[in-house]
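Taking it in order: structure first as structure tokens, then the write-up.
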Amino acid sequence: MSTTYQLDTATSRAHPTPAPLRRLSIPAIRLRKENGVTAEPVVMLTAYTARQAQLLDAHCDLLLCGDSLGQVIYGLPSSLQVTLDMMIAHGAAVVRGSYHAAVVVDLPFGSYERSPEQALESAARILSETGCSAVKLEGGAVMAETVSFLSQRGVPVMGHVGLTPQAVNTLGGYNARGRSDAEAKKIVSDAVALDQAGAFAIVIEGVVEPIAIEATKSVGCPTIGIGASNQCDGQVLVTEDMLGMFDRVPRFVKRYEDIAATIAGAAERYATEVRIRAFPGIDQTYQPK
């Protein structure tokens with residue numbers, strides 16, 4: 001028996017709801033890949049709020065509260081300005097809004113790179129203050145010691161190789177990685193190092209397809225592609241990109257809706273009705289019980 005919080009959409013308030021919940025476990029996600037084969041691909045989307053998590057939860061295996069919230073929610077120029085407190089606040093909201101998917105929260109830039117001990121301190125805060133299932137960090141072989149340190153101390157870790165947005169200043173932009181033989185080999189070896197260190201899954205972002213396929217075949221844990229290959233063991237997208245919330249989306253993103261136009265259209269109709277005094281009176285919209 002465990003307790004989650006269901007958001008009452010009528011009042012916008014969250015209420016504790018005791019129920020026998022069966023949230024997907026991290027070991028269950030890891031075991032999706034057996035003998036190098038993932039029969040059922042892993043579905044992951046980003047979520048930053050309780051209501052968004054509610055809407056996505058039933059359809060996803062993993063919900064990622066990513067540091068992309070810096071750009072998506074706060075309008076920041078990159079994820080580098082995101083803080084640990086921001087990740088905890090949003091991660092807790094996503095956990096409250098979900099009951100089925102395992103929730104993974106990003107370790108933000110500067111919260112884990114100094115040492116495995118620093119990473120454990122940050123990860124412990126995230127796990128204890130959000131109730132999430134795992135953390136994600138960026139970096140390849142250089143982070144293998146940290147991944148091993150965390151895993152051995154009860155912190156499930158998702159890795160992230162290829163295009164790593166927290167290293168955008170070093171990489172020189174958000175261009176696809178692995179175009180040179182040396183870089184391609186490094187991406188594959190980075191994935192192998194994280195797998196051997198105990199990562200339960202690895203995000204492969206922004207690499208040319210043959211590298212993603214080779215990395216996927218080279219590791220025992222599931223790989224989750226974003227701008228990589230549909231041959232990865234799962235896929236993740238930023239939900240707002242998938243829904244068409246922004247004018248510009250990455251080339252690899254398929255837009256399933258044009259939510260931005262829907263919102264703008266609704267706001268325009270509302271504004272028109274208010275300005276011509278055609279807006280309904282309270283007696284037409286609210287009936288007290």
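Following the order of the structure tokens, first chain is A, next is B, and so on, with residues numbered from 1 inside each chain and ligands from 1 in the order they appear.
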Item to check | strand (DSSP E) per DSSP on the backbone: members of range 46-137 of chain A, as a ChimeraX atom specification | outcome: /A:46,62-65,102-106,134-136
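Summary of the local environment: counting only C-alpha atoms, residues at most 6 Å from range 252-267 of chain A, other than itself and those fewer than 4 positions away along its chain, are Gly227, Met242, Leu243, Gly244 and Met245 of chain A.
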Output of the above residues as a PDB file, in the first residue's frame, restricted to C-alpha atoms:
ATOM      1  CA  GLY A 227      17.456  12.121 -32.515  1.00  0.00           C
ATOM      2  CA  MET A 242       6.018  16.649 -29.766  1.00  0.00           C
ATOM      3  CA  LEU A 243       2.859  18.692 -29.140  1.00  0.00           C
ATOM      4  CA  GLY A 244       3.957  21.655 -31.244  1.00  0.00           C
ATOM      5  CA  MET A 245       4.191  24.208 -28.455  1.00  0.00           C
TER       6      MET A 245
END
Checklist entry - Between CA of Ala39 in chain A and CA of Gln54 in chain A, what is the spacing in Å? => result 26.3 Å
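With only C-alpha atoms as the basis for measurement, A:Ala47 is the residue among A:Leu120, A:Ala47, A:Val238, A:Leu69 that approaches Gly97 in chain A most closely.
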Item to check | All helix (DSSP H, G or I) positions in range 82-212 of chain A, as a ChimeraX atom specification | outcome: /A:84-96,116-130,141-151,165-171,181-197,209-212
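Near Val203 in chain A, within 7 Å and counting only C-alpha atoms, sit Gly159, His160, Val161, Thr223, Ile224 and Gly225 of chain A, not including residues fewer than 4 positions from it in the same chain.
If you look at CA of Cys132 in chain A and CA of Val103 in chain A, they are 5.1 Å away from each other.
Picture a line from CA of Leu194 in chain A to CA of Val37 in chain A; it runs 18.5 Å.
Residue nearest Asp233 in chain A within the list A:Gly70, A:Pro41, A:Gly36, A:Gly75: A:Pro41 [criterion: smallest interatomic distance, only C-alpha atoms].
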Item to check | Residue nearest Ile187 in chain A - candidates A:Val104, A:Ala201, A:Gly140, A:Ile73, atoms counted: only C-alpha atoms | outcome: A:Gly140
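Using only C-alpha atoms, the shortest contact distance between Gln196 in chain A and any of A:Asp241, A:Glu117, A:Glu145, A:Glu183 is found at A:Glu145.
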Checklist entry - Which neighbours of Thr130 in chain A fall inside 9 Å, counting only C-alpha atoms, when residues of the same chain fewer than 4 positions from it are skipped, and could you give them as a list in words? => result Ile88, Ala89, His90, Gly91, Ala92, Ala93, Val94, Val95, Arg96, Val105, Arg125 and Ile126 of chain A
Checklist entry - Taking into account only C-alpha atoms, which residue in the set A:Ile29, A:Ala102, A:Cys232, A:Ala119 is nearest to Ala58 in chain A? => result A:Ala102
Checklist entry - Quick one: residues within 12 Å of Lys217 in chain A, only C-alpha atoms counted, chain neighbours fewer than 2 positions away excluded, as JSON, numbers by chain? => result {"A": [33, 34, 35, 36, 37, 38, 188, 189, 191, 192, 195, 210, 211, 212, 213, 214, 215, 219, 220, 221, 222, 223, 231, 232, 233]}
Kindly export the residues of the current selection with N, CA, C and O atoms, as a compact mmCIF listing (two decimals), in the first residue's frame.
# COMPACT_ATOMS: atom_id res chain seq x y z
N LYS A 33 15.19 -5.49 -21.67
CA LYS A 33 16.18 -5.95 -22.65
C LYS A 33 16.78 -7.26 -22.15
O LYS A 33 17.45 -7.30 -21.12
N GLU A 34 16.52 -8.31 -22.90
CA GLU A 34 17.03 -9.62 -22.54
C GLU A 34 17.82 -10.19 -23.72
O GLU A 34 17.34 -10.22 -24.85
N ASN A 35 19.03 -10.61 -23.42
CA ASN A 35 19.91 -11.18 -24.45
C ASN A 35 20.05 -10.23 -25.64
O ASN A 35 20.06 -10.66 -26.80
N GLY A 36 20.12 -8.95 -25.33
CA GLY A 36 20.34 -7.95 -26.38
C GLY A 36 19.10 -7.55 -27.15
O GLY A 36 19.19 -6.77 -28.11
N VAL A 37 17.93 -8.05 -26.75
CA VAL A 37 16.70 -7.77 -27.49
C VAL A 37 15.66 -7.14 -26.55
O VAL A 37 15.44 -7.62 -25.45
N THR A 38 15.03 -6.06 -27.03
CA THR A 38 13.94 -5.43 -26.29
C THR A 38 12.66 -5.63 -27.10
O THR A 38 12.42 -4.91 -28.08
N VAL A 188 30.39 5.11 -28.46
CA VAL A 188 30.10 3.70 -28.19
C VAL A 188 30.81 3.25 -26.92
O VAL A 188 30.22 2.58 -26.05
N SER A 189 32.09 3.62 -26.78
CA SER A 189 32.83 3.21 -25.58
C SER A 189 32.28 3.87 -24.33
O SER A 189 32.29 3.28 -23.24
N ALA A 191 29.09 4.57 -23.83
CA ALA A 191 27.89 3.80 -23.49
C ALA A 191 28.26 2.50 -22.79
O ALA A 191 27.63 2.11 -21.79
N VAL A 192 29.27 1.82 -23.31
CA VAL A 192 29.71 0.56 -22.70
C VAL A 192 30.19 0.80 -21.27
O VAL A 192 29.88 0.02 -20.36
N ASP A 195 27.23 1.29 -18.98
CA ASP A 195 26.53 0.02 -18.80
C ASP A 195 27.27 -0.84 -17.78
O ASP A 195 26.67 -1.39 -16.85
N PRO A 210 24.06 4.93 -37.43
CA PRO A 210 24.89 3.73 -37.23
C PRO A 210 25.54 3.67 -35.85
O PRO A 210 25.72 2.57 -35.30
N ILE A 211 25.87 4.82 -35.27
CA ILE A 211 26.48 4.83 -33.95
C ILE A 211 25.47 4.40 -32.90
O ILE A 211 25.78 3.63 -31.98
N ALA A 212 24.26 4.93 -33.01
CA ALA A 212 23.21 4.55 -32.05
C ALA A 212 22.94 3.05 -32.12
O ALA A 212 22.74 2.40 -31.08
N ILE A 213 22.93 2.50 -33.32
CA ILE A 213 22.68 1.06 -33.48
C ILE A 213 23.83 0.26 -32.87
O ILE A 213 23.60 -0.72 -32.15
N GLU A 214 25.07 0.69 -33.14
CA GLU A 214 26.22 -0.03 -32.59
C GLU A 214 26.24 0.04 -31.07
O GLU A 214 26.49 -0.96 -30.39
N ALA A 215 25.95 1.23 -30.51
CA ALA A 215 25.94 1.38 -29.05
C ALA A 215 24.85 0.52 -28.44
O ALA A 215 25.06 -0.12 -27.40
N VAL A 219 25.62 -2.76 -25.50
CA VAL A 219 25.33 -2.66 -24.07
C VAL A 219 24.20 -3.61 -23.68
O VAL A 219 23.34 -3.96 -24.50
N GLY A 220 24.21 -4.00 -22.41
CA GLY A 220 23.18 -4.90 -21.92
C GLY A 220 21.94 -4.20 -21.44
O GLY A 220 20.87 -4.82 -21.35
N CYS A 221 22.04 -2.91 -21.12
CA CYS A 221 20.88 -2.17 -20.64
C CYS A 221 20.15 -1.52 -21.82
O CYS A 221 20.73 -1.34 -22.90
N PRO A 222 18.89 -1.15 -21.63
CA PRO A 222 18.16 -0.49 -22.72
C PRO A 222 18.75 0.88 -23.07
O PRO A 222 19.20 1.62 -22.20
N THR A 223 18.75 1.17 -24.35
CA THR A 223 19.10 2.52 -24.81
C THR A 223 17.82 3.24 -25.20
O THR A 223 16.88 2.64 -25.71
N GLN A 231 16.08 2.12 -33.90
CA GLN A 231 16.56 0.82 -33.48
C GLN A 231 17.04 0.82 -32.03
O GLN A 231 17.47 -0.21 -31.51
N CYS A 232 16.99 1.98 -31.38
CA CYS A 232 17.26 2.01 -29.94
C CYS A 232 16.17 1.22 -29.23
O CYS A 232 15.11 0.93 -29.80
N ASP A 233 16.40 0.92 -27.97
CA ASP A 233 15.45 0.10 -27.22
C ASP A 233 14.24 0.88 -26.73
O ASP A 233 13.31 0.31 -26.16
Checklist entry - Skipping near chain neighbours, those fewer than 4 positions away, what residues fall within 7 Å of Leu237 in chain A using only C-alpha atoms, listed as a ChimeraX atom specification? => result /A:45-46,226,242
So that I have them on file, write out the residues from the current selection with all heavy atoms, as a tab-separated table (two decimals), in the first residue's frame.
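Listed below is the output, selection_27.tsv:
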chain	number	residue	atom	x	y	z
A	45	LEU	N	8.60	10.20	-22.07
A	45	LEU	CA	8.37	11.60	-22.42
A	45	LEU	C	8.76	12.46	-21.25
A	45	LEU	O	8.81	12.00	-20.10
A	45	LEU	CB	6.89	11.84	-22.77
A	45	LEU	CG	6.40	11.36	-24.13
A	45	LEU	CD1	4.87	11.44	-24.21
A	45	LEU	CD2	7.03	12.17	-25.27
A	46	THR	N	9.02	13.74	-21.52
A	46	THR	CA	9.32	14.66	-20.44
A	46	THR	C	8.04	15.15	-19.78
A	46	THR	O	6.98	15.23	-20.41
A	46	THR	CB	10.10	15.88	-20.94
A	46	THR	OG1	9.32	16.59	-21.91
A	46	THR	CG2	11.44	15.48	-21.55
A	226	ILE	N	16.99	9.76	-28.78
A	226	ILE	CA	16.36	11.04	-29.09
A	226	ILE	C	17.21	11.66	-30.20
A	226	ILE	O	18.36	12.04	-29.98
A	226	ILE	CB	16.23	11.97	-27.85
A	226	ILE	CG1	15.67	13.33	-28.27
A	226	ILE	CG2	17.53	12.08	-27.08
A	226	ILE	CD1	15.24	14.22	-27.11
A	242	MET	N	6.91	17.62	-29.14
A	242	MET	CA	6.02	16.65	-29.77
A	242	MET	C	4.61	17.21	-29.98
A	242	MET	O	3.94	16.91	-30.96
A	242	MET	CB	5.98	15.39	-28.89
A	242	MET	CG	5.13	14.26	-29.40
A	242	MET	SD	3.45	14.30	-28.72
A	242	MET	CE	3.74	13.80	-27.03
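Proximity of A:Arg23, A:Arg251, A:Arg114, A:Arg30 to Gly206 in chain A, computed with only C-alpha atoms, is greatest for A:Arg251.
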